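Report on the following structure.
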Amino acid sequence: MLLTHATLVTWDDQRRILPDHALLIRDGVIAEMGPTRQLLPRYPNEPRLDARGQWAMPGHIVAHTHFYGAFARGMAIPGAAPKAFPEILQRLWWPLDQALDAEAVRLSAEIMLVDAIRNGVTTLFDHHASPNALTGSLDVIAEAVRRAGVRGALAYEVTDRYGKAKARESIAENVRFAQSVREEDDYRTPRQRLAATFGLHASLSLDDDTLDAARNACPSDIGFHIHAAEHQADQDDSLTRTGLRVVERLHRHGILGERSIVAHAVAVDAREIVLLAETGTWVTHQPRSNMNNAVGAARVEEMLRLGVQVGLGTDGFPHAMWEEARFAYLLPKLSARDPRRMDGNTVMRLLIENNRRLANLYFPAARLGVLAPGAAADIILVDFHPHTPVTPDNLPWHLIFGAYERMITTTIVAGQVLMRDRELLTLSEERIAAEARAKAPAVWAAYQRILQNQGAAS
């Protein structure tokens, strides 16, 4: 395919902005790029996609999300509103994950994948939980990812909150899925759609023996994906049980490392930040979720200064990465009451540079997050027409203050068009929405029963 008449935003080191350029796409990668006037006569018989002057840029990457939370939208928590994050877990997320059966797992994934494609997201790191539909649940999600056409790095959360048997079953699900990914025909090629991480819930729901069992079972070529210090309750639990802070505890059990992802890290201290940097562990920042749960503002700038690799995720919010970036830009200013905090270049470091470095660890043959010959043809077209000049220096502020997901018209992964002119081509949004509406009453009823039984037991 020859993509023509595009304004390329390369997101290479020079942040080049190239008007009226073309991309030749072959075998899932960008084979050639140059001015449209040069490539058109060179490839007269190539199928064409005319960008009509739209911006073309690399697809977005989501470093941490939860497909399984899709049925929470519109579902009211009975009674008084939760007053703190631990109560949100106990009254919303833990009863909801128990309410999911295999069909609900599939629909949750499909709903969130529709959302991803519409928002120009081409790679996602998902963290799943469905204790009553556990074994094989990652296969259900993987099949949805294949049909959608995006790239997904999947994990099942290991936890002790449903007992040791479930914890061991969760460990086995991670190991089994990681092996199945290696057997995929496109594994470690530019067309690779699936990768595996090893999911853990959080320190507060994991015993020492389970952490050790997970460490011993985890394949050497993948890392862990765990929530850490999202709220002070995680620290209080770790200190009470072990005398160690959360990051120190995880380090003692061998959970940290260059392929491991720690989500949130809001309630960490300076020593923990240094430990994350020293071990090369990834941290993902989810400002919208942190604000919604009132857990605080992560010390992202301090982490970056000390050498921590920080990416940007959504935590199950809509996969609108420019919106997430805006909150990442604004929250530190409000929290510190200092407008100098978190400049636009730092936000782009999270959204673009660090997210692509993390994604390239798990999709190494694809070369994600940049437009260049040899890079993956993971591309979005954006109907964006700024009314002031755009330069490599001011590009971050144009995106933070002027780019909205409604402008995304086309999403391409490995050369496959998943959405063209806002029409989804791989998933039927109408069918998925109808099936989800039909399924939601049963999921919500199961949630209510679990919540009531939980209350009676306590």
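Naming scheme: A, B, ... for chains in displayed order of the structure tokens; residues 1 onward per chain; ligands 1 onward as shown.
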
May I have a table of the residues of region 103-175 of chain A lying at most 9 Å from region 388-405 of chain A, giving each one's closest pair of atoms and their distance in Å to one decimal, counting only C-alpha atoms, ordered by chain and ascending residue number, as CSV?
residue,atom,partner,partner_atom,distance
A:Arg118,CA,A:Glu405,CA,7.8
A:Asn119,CA,A:Glu405,CA,5.5
A:Gly120,CA,A:Glu405,CA,7.5

Pull the helix (DSSP H, G or I) assignments for region 87-205 of chain A out of DSSP run on the backbone, and list those residues as a JSON list (two decimals) with N, CA and C atoms, in the first residue's frame.
[["chain", "number", "residue", "atom", "x", "y", "z"],
["A", 87, "GLU", "N", -11.72, 0.77, 49.91],
["A", 87, "GLU", "CA", -13.16, 0.51, 49.85],
["A", 87, "GLU", "C", -13.64, 0.40, 48.40],
["A", 88, "ILE", "N", -13.03, 1.17, 47.51],
["A", 88, "ILE", "CA", -13.37, 1.05, 46.09],
["A", 88, "ILE", "C", -13.02, -0.35, 45.59],
["A", 89, "LEU", "N", -11.86, -0.85, 45.98],
["A", 89, "LEU", "CA", -11.48, -2.21, 45.59],
["A", 89, "LEU", "C", -12.49, -3.23, 46.10],
["A", 90, "GLN", "N", -12.83, -3.11, 47.37],
["A", 90, "GLN", "CA", -13.69, -4.11, 48.01],
["A", 90, "GLN", "C", -15.13, -4.03, 47.54],
["A", 91, "ARG", "N", -15.60, -2.85, 47.18],
["A", 91, "ARG", "CA", -17.00, -2.70, 46.83],
["A", 91, "ARG", "C", -17.27, -2.59, 45.33],
["A", 92, "LEU", "N", -16.23, -2.38, 44.54],
["A", 92, "LEU", "CA", -16.43, -2.30, 43.09],
["A", 92, "LEU", "C", -15.63, -3.37, 42.35],
["A", 93, "TRP", "N", -14.30, -3.24, 42.36],
["A", 93, "TRP", "CA", -13.50, -4.04, 41.45],
["A", 93, "TRP", "C", -13.44, -5.51, 41.81],
["A", 94, "TRP", "N", -13.33, -5.84, 43.09],
["A", 94, "TRP", "CA", -13.23, -7.26, 43.43],
["A", 94, "TRP", "C", -14.55, -8.00, 43.25],
["A", 95, "PRO", "N", -15.69, -7.44, 43.61],
["A", 95, "PRO", "CA", -16.94, -8.12, 43.26],
["A", 95, "PRO", "C", -17.19, -8.19, 41.75],
["A", 96, "LEU", "N", -16.76, -7.14, 41.01],
["A", 96, "LEU", "CA", -16.99, -7.16, 39.57],
["A", 96, "LEU", "C", -16.15, -8.24, 38.89],
["A", 97, "ASP", "N", -14.89, -8.39, 39.28],
["A", 97, "ASP", "CA", -14.08, -9.40, 38.59],
["A", 97, "ASP", "C", -14.63, -10.80, 38.85],
["A", 98, "GLN", "N", -15.25, -11.01, 40.02],
["A", 98, "GLN", "CA", -15.86, -12.31, 40.30],
["A", 98, "GLN", "C", -17.15, -12.53, 39.51],
["A", 102, "ALA", "N", -16.93, -16.33, 30.96],
["A", 102, "ALA", "CA", -16.12, -16.27, 29.74],
["A", 102, "ALA", "C", -16.72, -15.32, 28.71],
["A", 103, "GLU", "N", -18.04, -15.30, 28.59],
["A", 103, "GLU", "CA", -18.68, -14.41, 27.62],
["A", 103, "GLU", "C", -18.44, -12.95, 28.01],
["A", 104, "ALA", "N", -18.55, -12.65, 29.30],
["A", 104, "ALA", "CA", -18.32, -11.28, 29.76],
["A", 104, "ALA", "C", -16.86, -10.88, 29.56],
["A", 105, "VAL", "N", -15.94, -11.82, 29.75],
["A", 105, "VAL", "CA", -14.53, -11.54, 29.49],
["A", 105, "VAL", "C", -14.33, -11.16, 28.02],
["A", 106, "ARG", "N", -14.93, -11.95, 27.13],
["A", 106, "ARG", "CA", -14.80, -11.66, 25.70],
["A", 106, "ARG", "C", -15.39, -10.30, 25.35],
["A", 107, "LEU", "N", -16.57, -10.02, 25.84],
["A", 107, "LEU", "CA", -17.22, -8.76, 25.51],
["A", 107, "LEU", "C", -16.47, -7.58, 26.11],
["A", 108, "SER", "N", -15.96, -7.73, 27.32],
["A", 108, "SER", "CA", -15.17, -6.66, 27.92],
["A", 108, "SER", "C", -13.99, -6.32, 27.03],
["A", 109, "ALA", "N", -13.30, -7.36, 26.57],
["A", 109, "ALA", "CA", -12.15, -7.13, 25.70],
["A", 109, "ALA", "C", -12.57, -6.46, 24.40],
["A", 110, "GLU", "N", -13.64, -6.95, 23.79],
["A", 110, "GLU", "CA", -14.07, -6.38, 22.52],
["A", 110, "GLU", "C", -14.48, -4.91, 22.66],
["A", 111, "ILE", "N", -15.19, -4.60, 23.76],
["A", 111, "ILE", "CA", -15.60, -3.21, 24.00],
["A", 111, "ILE", "C", -14.37, -2.31, 24.07],
["A", 112, "MET", "N", -13.37, -2.75, 24.83],
["A", 112, "MET", "CA", -12.19, -1.92, 25.02],
["A", 112, "MET", "C", -11.30, -1.88, 23.78],
["A", 113, "LEU", "N", -11.38, -2.91, 22.96],
["A", 113, "LEU", "CA", -10.61, -2.90, 21.71],
["A", 113, "LEU", "C", -11.24, -1.97, 20.67],
["A", 114, "VAL", "N", -12.56, -1.93, 20.62],
["A", 114, "VAL", "CA", -13.23, -0.93, 19.79],
["A", 114, "VAL", "C", -12.79, 0.47, 20.21],
["A", 115, "ASP", "N", -12.80, 0.69, 21.52],
["A", 115, "ASP", "CA", -12.39, 1.98, 22.06],
["A", 115, "ASP", "C", -10.94, 2.29, 21.68],
["A", 116, "ALA", "N", -10.08, 1.29, 21.73],
["A", 116, "ALA", "CA", -8.67, 1.49, 21.40],
["A", 116, "ALA", "C", -8.51, 1.91, 19.94],
["A", 117, "ILE", "N", -9.13, 1.17, 19.04],
["A", 117, "ILE", "CA", -8.99, 1.47, 17.62],
["A", 117, "ILE", "C", -9.52, 2.86, 17.30],
["A", 118, "ARG", "N", -10.67, 3.20, 17.86],
["A", 118, "ARG", "CA", -11.25, 4.52, 17.61],
["A", 118, "ARG", "C", -10.33, 5.64, 18.13],
["A", 137, "SER", "N", -8.78, -17.74, 30.21],
["A", 137, "SER", "CA", -9.30, -16.39, 30.01],
["A", 137, "SER", "C", -8.37, -15.55, 29.13],
["A", 138, "LEU", "N", -7.06, -15.76, 29.25],
["A", 138, "LEU", "CA", -6.15, -15.01, 28.40],
["A", 138, "LEU", "C", -6.28, -15.41, 26.93],
["A", 139, "ASP", "N", -6.66, -16.66, 26.68],
["A", 139, "ASP", "CA", -6.91, -17.09, 25.30],
["A", 139, "ASP", "C", -8.14, -16.38, 24.73],
["A", 140, "VAL", "N", -9.16, -16.20, 25.57],
["A", 140, "VAL", "CA", -10.36, -15.49, 25.13],
["A", 140, "VAL", "C", -10.01, -14.06, 24.73],
["A", 141, "ILE", "N", -9.21, -13.40, 25.56],
["A", 141, "ILE", "CA", -8.79, -12.03, 25.26],
["A", 141, "ILE", "C", -7.89, -12.00, 24.04],
["A", 142, "ALA", "N", -6.98, -12.97, 23.96],
["A", 142, "ALA", "CA", -6.06, -13.02, 22.83],
["A", 142, "ALA", "C", -6.80, -13.16, 21.51],
["A", 143, "GLU", "N", -7.84, -13.97, 21.49],
["A", 143, "GLU", "CA", -8.61, -14.14, 20.26],
["A", 143, "GLU", "C", -9.28, -12.83, 19.86],
["A", 144, "ALA", "N", -9.77, -12.08, 20.86],
["A", 144, "ALA", "CA", -10.36, -10.77, 20.56],
["A", 144, "ALA", "C", -9.30, -9.81, 20.01],
["A", 145, "VAL", "N", -8.10, -9.86, 20.57],
["A", 145, "VAL", "CA", -7.00, -9.02, 20.08],
["A", 145, "VAL", "C", -6.67, -9.37, 18.64],
["A", 146, "ARG", "N", -6.62, -10.67, 18.34],
["A", 146, "ARG", "CA", -6.34, -11.10, 16.95],
["A", 146, "ARG", "C", -7.39, -10.55, 15.99],
["A", 147, "ARG", "N", -8.67, -10.71, 16.36],
["A", 147, "ARG", "CA", -9.73, -10.24, 15.48],
["A", 147, "ARG", "C", -9.67, -8.73, 15.30],
["A", 148, "ALA", "N", -9.38, -8.02, 16.36],
["A", 148, "ALA", "CA", -9.30, -6.56, 16.28],
["A", 148, "ALA", "C", -8.13, -6.12, 15.41],
["A", 164, "LYS", "N", -5.38, -20.11, 48.03],
["A", 164, "LYS", "CA", -4.13, -20.59, 47.44],
["A", 164, "LYS", "C", -4.35, -21.36, 46.15],
["A", 165, "ALA", "N", -5.44, -22.10, 46.05],
["A", 165, "ALA", "CA", -5.69, -22.87, 44.83],
["A", 165, "ALA", "C", -5.87, -21.94, 43.63],
["A", 166, "LYS", "N", -6.62, -20.86, 43.83],
["A", 166, "LYS", "CA", -6.81, -19.89, 42.75],
["A", 166, "LYS", "C", -5.49, -19.19, 42.41],
["A", 167, "ALA", "N", -4.69, -18.92, 43.44],
["A", 167, "ALA", "CA", -3.41, -18.27, 43.18],
["A", 167, "ALA", "C", -2.53, -19.15, 42.30],
["A", 168, "ARG", "N", -2.48, -20.45, 42.62],
["A", 168, "ARG", "CA", -1.67, -21.36, 41.81],
["A", 168, "ARG", "C", -2.24, -21.51, 40.40],
["A", 169, "GLU", "N", -3.57, -21.51, 40.29],
["A", 169, "GLU", "CA", -4.21, -21.57, 38.97],
["A", 169, "GLU", "C", -3.87, -20.33, 38.15],
["A", 170, "SER", "N", -3.79, -19.18, 38.81],
["A", 170, "SER", "CA", -3.44, -17.93, 38.13],
["A", 170, "SER", "C", -2.00, -17.95, 37.64],
["A", 171, "ILE", "N", -1.11, -18.49, 38.47],
["A", 171, "ILE", "CA", 0.29, -18.63, 38.05],
["A", 171, "ILE", "C", 0.37, -19.51, 36.81],
["A", 172, "ALA", "N", -0.36, -20.63, 36.85],
["A", 172, "ALA", "CA", -0.33, -21.55, 35.71],
["A", 172, "ALA", "C", -0.89, -20.90, 34.45],
["A", 173, "GLU", "N", -1.89, -20.03, 34.59],
["A", 173, "GLU", "CA", -2.47, -19.35, 33.43],
["A", 173, "GLU", "C", -1.43, -18.44, 32.77],
["A", 174, "ASN", "N", -0.67, -17.72, 33.57],
["A", 174, "ASN", "CA", 0.38, -16.87, 33.02],
["A", 174, "ASN", "C", 1.44, -17.69, 32.29],
["A", 175, "VAL", "N", 1.88, -18.79, 32.90],
["A", 175, "VAL", "CA", 2.92, -19.62, 32.30],
["A", 175, "VAL", "C", 2.42, -20.25, 31.01],
["A", 176, "ARG", "N", 1.19, -20.79, 31.05],
["A", 176, "ARG", "CA", 0.62, -21.43, 29.87],
["A", 176, "ARG", "C", 0.47, -20.45, 28.72],
["A", 177, "PHE", "N", -0.02, -19.25, 29.02],
["A", 177, "PHE", "CA", -0.23, -18.28, 27.96],
["A", 177, "PHE", "C", 1.09, -17.81, 27.36],
["A", 178, "ALA", "N", 2.08, -17.59, 28.21],
["A", 178, "ALA", "CA", 3.39, -17.17, 27.70],
["A", 178, "ALA", "C", 3.94, -18.20, 26.71],
["A", 179, "GLN", "N", 3.75, -19.48, 27.03],
["A", 179, "GLN", "CA", 4.23, -20.53, 26.13],
["A", 179, "GLN", "C", 3.42, -20.54, 24.83],
["A", 180, "SER", "N", 2.13, -20.33, 24.93],
["A", 180, "SER", "CA", 1.30, -20.33, 23.72],
["A", 180, "SER", "C", 1.66, -19.18, 22.80],
["A", 181, "VAL", "N", 2.04, -18.04, 23.37],
["A", 181, "VAL", "CA", 2.45, -16.90, 22.55],
["A", 181, "VAL", "C", 3.70, -17.24, 21.75],
["A", 182, "ARG", "N", 4.63, -17.93, 22.38],
["A", 182, "ARG", "CA", 5.86, -18.32, 21.68],
["A", 182, "ARG", "C", 5.59, -19.23, 20.49],
["A", 203, "SER", "N", 0.98, -5.99, 46.27],
["A", 203, "SER", "CA", 1.60, -6.54, 47.48],
["A", 203, "SER", "C", 0.57, -6.85, 48.55],
["A", 204, "LEU", "N", -0.43, -6.01, 48.70],
["A", 204, "LEU", "CA", -1.39, -6.17, 49.80],
["A", 204, "LEU", "C", -2.26, -7.42, 49.68],
["A", 205, "SER", "N", -2.29, -8.05, 48.50],
["A", 205, "SER", "CA", -3.08, -9.27, 48.35],
["A", 205, "SER", "C", -2.22, -10.48, 47.99]]

Counting only C-alpha atoms, which residue out of A:Gly316, A:Gly374, A:Pro339, A:Pro332 sits closest to Thr65 (chain A)?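 Using only C-alpha atoms, Thr65 (chain A) sits closest to A:Gly316.
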
Just asking: which residues within region 13-189 of chain A are strand (DSSP E) according to DSSP, as a VMD selection string? chain A and resid 17 to 26 29 to 35 48 to 50 55 to 58 60 to 65 121 to 128 151 to 156

Do you have, as CSV, the list of residues of region 32-134 of chain A lying at most 8 Å from region 301-315 of chain A, each with its nearest atom pair and that distance in Å to one decimal, counting only C-alpha atoms and ordered by chain then number?
residue,atom,partner,partner_atom,distance
A:Val62,CA,A:Gly313,CA,5.0
A:Ala63,CA,A:Gly313,CA,4.6
A:His64,CA,A:Gly313,CA,4.4
A:Thr65,CA,A:Asp315,CA,4.2
A:His66,CA,A:Asp315,CA,5.8
